[in-house]
Amino acid sequence: MKNYDIIQHVTGKSQFIDDINVPNGTLFAKVFYSKNAHAKITSMDLSEAESIKGVVRILTYKDIPGVNQVGGIVLDEPLLAEDEVHFIGMPVALVIAESMLIAREASDKIKIEYKSLHVITDPREAFSKGLLSIPPRIFESGNTYEAWKKCEFYETGTCESGGQEHLYLETHGAISIPMEGGKVKIISSTQSPTAVQRVTSGILGIPKNMIEVEVLRLGGGFGGKEDQASHWAALSALAAYILNRPVKLVLSRHDDMVMTGKRNPFSSDFKIGLNREGKILAYEVTFYQNSGAAADLSPAILDRALFHCTNSYYVPNVKATGYCCKTNLTPNTAFRGFGGPQGKFVMESAIYKAAEKMDMDPFEIQRINLLKENDEFHYGQKALHVMAEKTWDQCDKEFNIDTVKKKTEEFNSENNLYKKGFAVIPICFGIAFTNTRMNQANALVNIYTDGSVGFSTAAVEMGQGVNAKIREVISRVFSISHDRIRSEPTNTTRSANTSPTAASSGADLNCNAVYLACNKILERLLQSAAEDLGEKNSGNIILKDEKFYLNGEETDLNWNNVIETAYSKRISLCDYAHYSTPELCFDNKINKGNPFRYHVYGTAIIEVTVDCLRGIYKIDSVKAVHDFGSSLNPVIDLGQAEGALIQGLGWMTIEEVIHDKKGRLLTDLLSTYKVPDVHFAPKNIVIKFLNDPNPVGIFNSKAIGEPPLMYGIGVYFALLNAVREFNPDADLEFNAPFTPEKVLLKLYEKKNMTEPKPVAVNHSESI
Amino acid sequence: MKTKISFLLNDTLIETGLNPATVLLDFIRSNDFTSAKEGCKEGDCGACTVICGKLNNGKIIYRTINSCLVPVMNINGAHIVTTEGLNNVSGILTPVQKLFLKEGASQCGFCTPGFIVSLTGFFLSDNFNDDILDSIDGNICRCTGHNSIIRAAEYFLSELKDIPEDFDCRIKYLIEKNIIPEFFLSAKEKLIYKQKNIEPKNNKNVSPKYFISGGTDLFVQRPDEMLSSDVSFLSKENSQELIYEKDGSCFIDSTSTVTDIFESKLIQKLFPIISEFTKLFGSTPIRNSATIGGNINNASPIGDMTAFFMALDADMILSDGNESREVSLKDFYTGYKKTVRMPDEFVKSVKFKIPDGHYYFNFEKVSKRTYMDIASVNTALFLQMNEDVITKINISAGGVFETPKFLSMTSDFLTGKKINTDVILEVLEITDSEISPISDARGSEKYKRLLLKRLIWTHFIKLFPELINIKETV
């Protein structure tokens, strides 16, 4: 199957924001941002910067004609700082110049003075001071208070998970072009053209129909461009609107890393109770979410952590509490998984700790608690078409957990310089925006008189292959070749009031809308063909491989001549459809309902080797059975699964976002923030497709974007197991990412040190 | 400074009077060669990778480089190839491109042209017998399709049988296979013609603010300043022997790249172990640009080459263009990012005495990500023995002091000692007292102290496994 996008990519022809030829007279903008994490601005002097030749204008909040506000869920974030700054990287002014070089030079010449205020980077400190973005969220089922009495074992603990930089290789950017009559066209690298339109409309104080937002594709998004692309689009639009000239604003990597939010770090407390067999009877968890200086999407992310706090397990008594804590870091935001990974990591830590106490293997506890058909989640939804045990058992059958355990033990008994560890990790992830009203999409399908097809939807292509999947749907409905079908850029004038391409639901929502639009056209085409064939019942006509059949017999009618004739008969060849996901409801007062259309399941085994001399490690293999449904495109889905998995592994291991006490990001470049590279990626990744059709998915498919990221959580426990093989005295600690630094310190942690037993070195071990 | 720069961009001769400190990426992108992307502008993502061919003794040596860090002056007279250049004019995809399509090895696509260039460049380089995956060790795919890229790369390799060793034959073979376009056949001729017409470089800049060698550090740290400052380029236009033996010493011209050094037959002969850790230095495109002069002179406390040569007790030869002087590398650094080099001096070469008799050498480096990362701590060890007594030992360490550190107290203590667990345990107390690491993004002080000690253990366990028991080292 040809993939149009990939052909553009491999030939270097695909265009990203910075590749677009800008109109003559385009100006370049650079954001001047706060270097202080919490302060009052006492003075700002732009004069020297403004005097530089080539500087056209420097804009501040005073120049905003509309409302200085970009907040989505909570209106708590100005586009440009007014008299206070709340994080390092908060935009304060926008320098517009004839070239980017001049804009950078001028930005350095802006003089600003601050009166520093107390800086908070720790969510628990924010909580203790009552600094919450929204009221506490509590999800509850059963009665944990009563359940503790029945537990034969219980265990408590704390768990930390770190931030994660999106590092989409294309940084944020936008080009804004003033149009006739005060209209502004924005070409943006956003996952949410509608959010860009909404924010810009508010900033400029003009109606949404005066703002057109277009997106061709993104060089990666991963959630980072869901809500946070709006700032840069709105800033460039503000400049274009005021100066009446096109303005391009593309962030440098450093500015992008300093100014934009990351995955929310979570600090959590847990209590888990089990019976003697290892059945989990009760679970209590409290999440202290580090939202950063503004709410952004954090409240929705926190909800998803609460939804997924029990991972793939049935727990009858649950109490999950979430605090969205306001700190002086960049407002954190959506990142693939959207709180799900943070919630699950705590549950897995609780199980690991309980297993230790009960002298069981964690995978024994995991297995017996897996969700079964009709089990009820703590948010009231019944688990249907559950694949938790099926993927686990299939994974065990294919890759044999006991054999892995035996081989690991054998290796460890023979080696002293290197130790191996493994872990099993099941996943369960709900599909739909948990904010029910966002589960809608629309699509426009145009057939042109030459038989070629164009489509335009709310979906933004960012490498997840959504356009290829939509082409597949069109190709199946019309039974025509992919070569005839082309995607149009996502544009707010063709697809209005859209939801962001996020929550793994881009393909589900937009494929469904396209499916409806295509069927409306198909019905007319079959009707027209029936007329031409003198057949009364169009139900006797089918279209297959671009040919029309009447009662199974091939006719002279084909795609091209039916299209032409239909046009002559003045039958519409175009249609628009709207899709809304059925059967969703959620009452966020009691936190019960059916927030998800379905769930995605899977199980993975992760094996690692730790170099006990140097504290470095290698992920040897990841073997998984994943619930893909009936894949619309197995090549794309496998790429999504492997990609998400490796991002999850990165989050748990080497990707470390570090801030100092003053709120300054220390890992603000690629030289200090390390993501997986070709050698980090485990060579042995095997992901088996569980080809179980999804009864409620488009062509029985399932969403893929986010769920496999959570397999990455397993690597933490695999590493912990390996480290404890070398140093059994190492304290149990759940503090991700498990960097080489933490590994080395754990390997040589001295606690209750007994005399080391002399062990002979195996000289055949090469180092 | 006005200099006319000319080079071959794909099949087109370019002549430009542009500021010679403009980085190649900015130049080609502003001329609509947008396949090369700006992902980080610090040589850490590979989205801007291009192939760079340079004439050397009548032959073109092709290597991949990060175009975001290379000033155009450094590619004067070179052949630069981008993805646009690799595309077949007839529109048929090259085999690498086809395999990316088949394996779905491109998701968002931003990194893809860089990968295509790196993999194609692999077959043009002299290292085409190495692991093909090393050719993409400087490319990041954040999506992260590394495994599909690996499948594409390995499948590609398996399809190519009997790749000719001989360069000219290899070019023809690659053209036949549609891996590279035909213009590669005439590139050499064009470059030779250009070379004859190249203007002699104006290096008479009396006291430049910066001497630019490979540019891989200066253009990360201060790219805008390079455009407006007085600079002098050290890169060599005419090929000459960069690494050679003379009077019992090994001389390394300061403009030798890391690749030049590691591929030098002389260096490989002196340090057979070197192949074990060459890949730990930067990435392929960085090794192809970064020079030893730059790495040592930028005085980074964690320079890998610095640690390596400090253990060899190397000397720096500094020159102001007329006079030269020698300074021991151990005495070169005076403080954080400070050296004894005078403003008008540049590093001309590095030399070290080729040791007599048997010697041991090892280099260790640990970073957060094993490859393409800057060390948390690095260390090198040079050691000679008489019977079982250490007669000479030099241990260097990076990341544990404000400058690259020669562990003089540690080395002194060990001289004259026999190697055993007790001696090492004892000396590590001394080591701990002569370092003062700071906590930063590459690790806490506590970690760096522990790590250096573990790496010193590693030196000895690796070189003398029969003498040390790991369990006793705890």
# chains A, B, ... in the order shown; residues from 1 in each chain; ligands from 1

$ residues_around --residues "Met310 (chain B)" --least-positions-apart "6" --cutoff "7 Å" --atoms "only C-alpha atoms" --output "ChimeraX atom specification"
/B:329-330,396,406

$ closest_atom_pairs --of "chain A" --to "chain B" --cutoff "7 Å" --atoms "only C-alpha atoms" --output "CSV"
residue,atom,partner,partner_atom,distance
A:Ile6,CA,B:Leu101,CA,6.0
A:Ile7,CA,B:Leu101,CA,6.8
A:His9,CA,B:Gly109,CA,5.0
A:Val10,CA,B:Gln97,CA,5.5
A:Thr11,CA,B:Asn87,CA,6.2
A:Gly12,CA,B:Ser35,CA,4.3
A:Lys13,CA,B:Ser35,CA,6.4
A:Asp19,CA,B:Thr34,CA,6.0
A:Leu167,CA,B:Arg142,CA,7.0
A:Tyr168,CA,B:Arg142,CA,6.5
A:Leu169,CA,B:Gly39,CA,5.4
A:Glu170,CA,B:Gly39,CA,6.1
A:Leu218,CA,B:Cys108,CA,6.6
A:Gly219,CA,B:Cys108,CA,5.0
A:Gly220,CA,B:Cys108,CA,5.5
A:Arg253,CA,B:Cys40,CA,5.2
A:Met462,CA,B:Cys108,CA,5.1
A:Gly463,CA,B:Cys108,CA,3.4
A:Gln464,CA,B:Gln107,CA,6.3
A:Leu613,CA,B:Arg454,CA,6.1
A:Arg614,CA,B:Arg454,CA,6.3
A:Val635,CA,B:Gly104,CA,5.9
A:Ile636,CA,B:Gly104,CA,6.4
A:Gly639,CA,B:Gly145,CA,6.2
A:Glu642,CA,B:Gly145,CA,6.9
A:Gly643,CA,B:Thr144,CA,4.2
A:Ile646,CA,B:Thr144,CA,6.6
A:Gln647,CA,B:Thr144,CA,7.0
A:Ile654,CA,B:Lys368,CA,6.1
A:Ile658,CA,B:Ala441,CA,6.8
A:Leu666,CA,B:Ala441,CA,5.8
A:Thr667,CA,B:Ala441,CA,6.2
A:Leu670,CA,B:Asp44,CA,5.9
A:Ser671,CA,B:Asp44,CA,6.5
A:Thr672,CA,B:Ala441,CA,6.3
A:Lys674,CA,B:Arg369,CA,6.4
A:Asp677,CA,B:Ile140,CA,5.6
A:Val678,CA,B:His146,CA,5.6
A:Ala681,CA,B:His146,CA,6.6
A:Thr739,CA,B:Lys368,CA,6.8
A:Pro740,CA,B:Lys368,CA,6.0
A:Glu741,CA,B:Tyr447,CA,6.2
A:Leu745,CA,B:Tyr447,CA,6.7
A:Tyr748,CA,B:Val474,CA,6.9
A:Pro756,CA,B:Lys471,CA,6.6
A:Pro758,CA,B:Lys471,CA,6.2
A:Val759,CA,B:Lys471,CA,6.4
A:Ala760,CA,B:Asn469,CA,6.8
A:Val761,CA,B:Asn469,CA,6.0
A:His763,CA,B:Pro465,CA,6.6
A:Ile767,CA,B:Lys462,CA,6.4

$ select_by_dssp --residues "region 60-143 of chain B" --states "strand (DSSP E)" --output "ChimeraX atom specification"
/B:60-66,79-81

$ select_by_dssp --residues "region 57-286 of chain A" --states "helix (DSSP H, G or I)" --output "compact mmCIF listing (two decimals) with C-alpha atoms, in the first residue's frame"
# COMPACT_ATOMS: atom_id res chain seq x y z
CA TYR A 61 0.47 42.64 26.91
CA LYS A 62 -0.60 46.29 26.53
CA ASP A 63 -0.81 45.78 22.78
CA MET A 100 15.54 36.29 13.09
CA LEU A 101 19.15 37.25 13.78
CA ILE A 102 18.11 40.85 14.52
CA ALA A 103 15.16 39.71 16.61
CA ARG A 104 17.47 37.55 18.74
CA GLU A 105 19.95 40.38 19.18
CA ALA A 106 17.19 42.79 20.20
CA SER A 107 15.68 40.30 22.61
CA ASP A 108 19.02 40.15 24.43
CA PRO A 123 3.74 19.75 44.26
CA ARG A 124 3.48 18.65 47.89
CA GLU A 125 4.67 22.05 49.04
CA ALA A 126 2.07 23.66 46.76
CA PHE A 127 -0.58 21.38 48.26
CA SER A 128 0.42 22.25 51.81
CA THR A 144 -11.92 0.89 51.38
CA TYR A 145 -12.38 1.68 55.06
CA GLU A 146 -14.32 -1.52 55.60
CA ALA A 147 -12.16 -3.50 53.20
CA TRP A 148 -8.90 -2.92 55.09
CA GLU A 180 -8.53 41.06 3.33
CA GLY A 181 -10.83 42.86 5.71
CA GLY A 182 -8.85 42.25 8.89
CA PRO A 193 -6.60 24.08 14.92
CA THR A 194 -9.80 24.96 16.75
CA ALA A 195 -7.90 25.78 19.95
CA VAL A 196 -5.60 28.07 17.97
CA GLN A 197 -8.66 29.74 16.46
CA ARG A 198 -10.37 30.12 19.84
CA VAL A 199 -7.31 31.53 21.60
CA THR A 200 -6.44 33.91 18.76
CA SER A 201 -10.02 35.10 18.52
CA GLY A 202 -9.92 36.01 22.20
CA ILE A 203 -6.52 37.67 21.98
CA LEU A 204 -7.40 39.76 18.94
CA LYS A 208 -13.71 33.12 15.00
CA ASN A 209 -14.86 33.50 11.40
CA MET A 210 -12.13 36.11 10.95
CA SER A 230 -1.90 28.20 20.54
CA HIS A 231 0.49 30.57 22.30
CA TRP A 232 2.89 30.84 19.40
CA ALA A 233 0.16 30.98 16.79
CA ALA A 234 -1.65 33.71 18.71
CA LEU A 235 1.57 35.69 19.20
CA SER A 236 2.42 35.61 15.50
CA ALA A 237 -1.19 36.47 14.67
CA LEU A 238 -1.11 39.37 17.10
CA ALA A 239 1.97 40.77 15.38
CA ALA A 240 0.57 40.17 11.89
CA TYR A 241 -2.72 41.79 12.87
CA ILE A 242 -1.11 44.87 14.37
CA LEU A 243 1.63 45.35 11.77
CA ARG A 253 15.00 24.17 20.36
CA HIS A 254 16.25 25.86 23.52
CA ASP A 255 13.34 28.32 23.68
CA ASP A 256 10.90 25.50 23.03
CA MET A 257 12.32 23.43 25.86
CA VAL A 258 12.38 26.35 28.29
CA MET A 259 8.96 27.80 27.47

$ atom_distance --atom1 "CA of Glu472 (chain A)" --atom2 "CA of Leu632 (chain A)"
7.1 Å

$ closest_residue --among "B:Asn76, B:Thr257, B:Gln221, B:Thr49" --to "Lys4 (chain B)" --atoms "only C-alpha atoms"
B:Asn76

$ residues_around --residues "region 430-445 of chain A" --least-positions-apart "6" --cutoff "9 Å" --atoms "only C-alpha atoms" --output "JSON, numbers by chain"
{"A": [300, 303, 304, 307, 308, 453, 454, 455, 456, 457, 458, 459, 494, 495, 496, 497, 498, 499, 500, 502, 503, 504, 505, 506, 509, 510, 511, 512, 513, 514, 515, 516, 517, 518, 521, 573, 574, 575, 576, 577, 578, 579, 580, 581, 582, 584, 585, 586, 595, 596, 597, 598, 599, 600, 702, 703, 707]}

$ closest_residue --among "A:Ala49, A:Cys159, A:Ile96, A:Ile20" --to "Ser189 (chain A)" --atoms "only C-alpha atoms"
A:Ile20

$ residues_around --residues "Phe309 (chain B)" --least-positions-apart "3" --cutoff "10 Å" --atoms "only C-alpha atoms" --output "list of chain:residue names"
B:Ile292, B:Ile296, B:Asp304, B:Met305, B:Thr306, B:Leu312, B:Asp313, B:Ala314, B:Asp315, B:Leu329, B:Lys330, B:Val350, B:Lys351, B:Phe352, B:Ala380, B:Leu381, B:Phe382, B:Ser396

$ write_last_selection --atoms "N, CA and C atoms" --output "mmCIF file, in the first residue's frame"
data_model
loop_
_atom_site.group_PDB
_atom_site.id
_atom_site.type_symbol
_atom_site.label_atom_id
_atom_site.label_comp_id
_atom_site.auth_asym_id
_atom_site.auth_seq_id
_atom_site.Cartn_x
_atom_site.Cartn_y
_atom_site.Cartn_z
ATOM 1 N N ILE B 292 40.596 17.482 17.377
ATOM 2 C CA ILE B 292 41.292 17.323 18.655
ATOM 3 C C ILE B 292 41.683 18.679 19.217
ATOM 4 N N ILE B 296 40.313 19.820 22.935
ATOM 5 C CA ILE B 296 41.222 20.095 24.047
ATOM 6 C C ILE B 296 41.165 21.564 24.433
ATOM 7 N N ASP B 304 36.300 14.264 25.980
ATOM 8 C CA ASP B 304 36.737 12.864 25.913
ATOM 9 C C ASP B 304 38.170 12.746 25.389
ATOM 10 N N MET B 305 38.473 13.520 24.317
ATOM 11 C CA MET B 305 39.819 13.445 23.755
ATOM 12 C C MET B 305 40.840 13.922 24.785
ATOM 13 N N THR B 306 40.436 14.916 25.560
ATOM 14 C CA THR B 306 41.350 15.470 26.555
ATOM 15 C C THR B 306 41.746 14.397 27.565
ATOM 16 N N LEU B 312 48.124 10.028 28.249
ATOM 17 C CA LEU B 312 49.330 9.737 27.476
ATOM 18 C C LEU B 312 50.410 10.773 27.744
ATOM 19 N N ASP B 313 50.118 11.683 28.685
ATOM 20 C CA ASP B 313 51.058 12.745 29.035
ATOM 21 C C ASP B 313 51.446 13.551 27.789
ATOM 22 N N ALA B 314 50.434 13.923 27.004
ATOM 23 C CA ALA B 314 50.686 14.609 25.738
ATOM 24 C C ALA B 314 51.094 16.058 25.963
ATOM 25 N N ASP B 315 51.725 16.618 24.955
ATOM 26 C CA ASP B 315 52.079 18.041 24.949
ATOM 27 C C ASP B 315 51.275 18.750 23.877
ATOM 28 N N LEU B 329 49.973 18.997 28.450
ATOM 29 C CA LEU B 329 48.517 19.037 28.581
ATOM 30 C C LEU B 329 48.105 19.108 30.051
ATOM 31 N N LYS B 330 48.915 18.488 30.902
ATOM 32 C CA LYS B 330 48.633 18.527 32.350
ATOM 33 C C LYS B 330 48.656 19.949 32.886
ATOM 34 N N VAL B 350 49.201 18.301 18.648
ATOM 35 C CA VAL B 350 49.317 17.600 19.924
ATOM 36 C C VAL B 350 50.315 16.484 19.683
ATOM 37 N N LYS B 351 51.197 16.269 20.625
ATOM 38 C CA LYS B 351 52.133 15.157 20.439
ATOM 39 C C LYS B 351 52.288 14.381 21.731
ATOM 40 N N PHE B 352 52.606 13.118 21.589
ATOM 41 C CA PHE B 352 52.929 12.344 22.788
ATOM 42 C C PHE B 352 54.055 11.382 22.442
ATOM 43 N N ALA B 380 40.861 7.946 31.655
ATOM 44 C CA ALA B 380 41.765 7.108 30.877
ATOM 45 C C ALA B 380 42.933 6.696 31.764
ATOM 46 N N LEU B 381 43.475 5.545 31.442
ATOM 47 C CA LEU B 381 44.592 5.043 32.239
ATOM 48 C C LEU B 381 45.698 4.551 31.309
ATOM 49 N N PHE B 382 46.920 4.958 31.633
ATOM 50 C CA PHE B 382 48.092 4.448 30.933
ATOM 51 C C PHE B 382 48.985 3.841 32.008
ATOM 52 N N SER B 396 43.792 9.930 34.137
ATOM 53 C CA SER B 396 43.114 11.211 33.954
ATOM 54 C C SER B 396 41.630 11.016 34.226
#

$ atom_distance --atom1 "CA of Leu13 (chain B)" --atom2 "CA of Ile192 (chain B)"
12.5 Å

$ residues_around --residues "Ile212 (chain B)" --least-positions-apart "4" --cutoff "7 Å" --atoms "only C-alpha atoms" --output "list in words"
Val231, Ser232, Phe233 and Leu234 of chain B

$ residues_around --residues "Lys397 (chain A)" --least-positions-apart "3" --cutoff "12 Å" --atoms "only C-alpha atoms" --output "list of chain:residue names"
A:Glu389, A:Lys390, A:Thr391, A:Trp392, A:Asp393, A:Gln394, A:Asn400, A:Ile401, A:Asp402, A:Thr403, A:Val404, A:Thr603, A:Ile605, A:Lys623, A:Ala624, A:Val625, A:Lys688

$ residues_around --residues "region 537-539 of chain A" --least-positions-apart "4" --cutoff "6 Å" --atoms "only C-alpha atoms" --output "short mmCIF file (atom, residue, chain, number, x, y, z; two decimals) with N, CA and C atoms, in the first residue's frame"
data_model
loop_
_atom_site.label_atom_id
_atom_site.label_comp_id
_atom_site.auth_asym_id
_atom_site.auth_seq_id
_atom_site.Cartn_x
_atom_site.Cartn_y
_atom_site.Cartn_z
N LEU A 526 -24.88 4.59 -6.21
CA LEU A 526 -25.53 3.30 -6.50
C LEU A 526 -26.92 3.54 -7.08
N GLN A 527 -27.60 4.56 -6.54
CA GLN A 527 -28.91 4.92 -7.04
C GLN A 527 -28.82 5.34 -8.51
N ALA A 530 -28.10 2.42 -10.67
CA ALA A 530 -29.29 1.59 -10.81
C ALA A 530 -30.20 2.17 -11.90
#

$ atom_distance --atom1 "CA of Pro708 (chain A)" --atom2 "CA of Pro682 (chain A)"
15.0 Å

$ closest_residue --among "A:Glu277, A:Asp731, A:Asp361, A:Asp556" --to "Ala529 (chain A)" --atoms "only C-alpha atoms"
A:Asp556
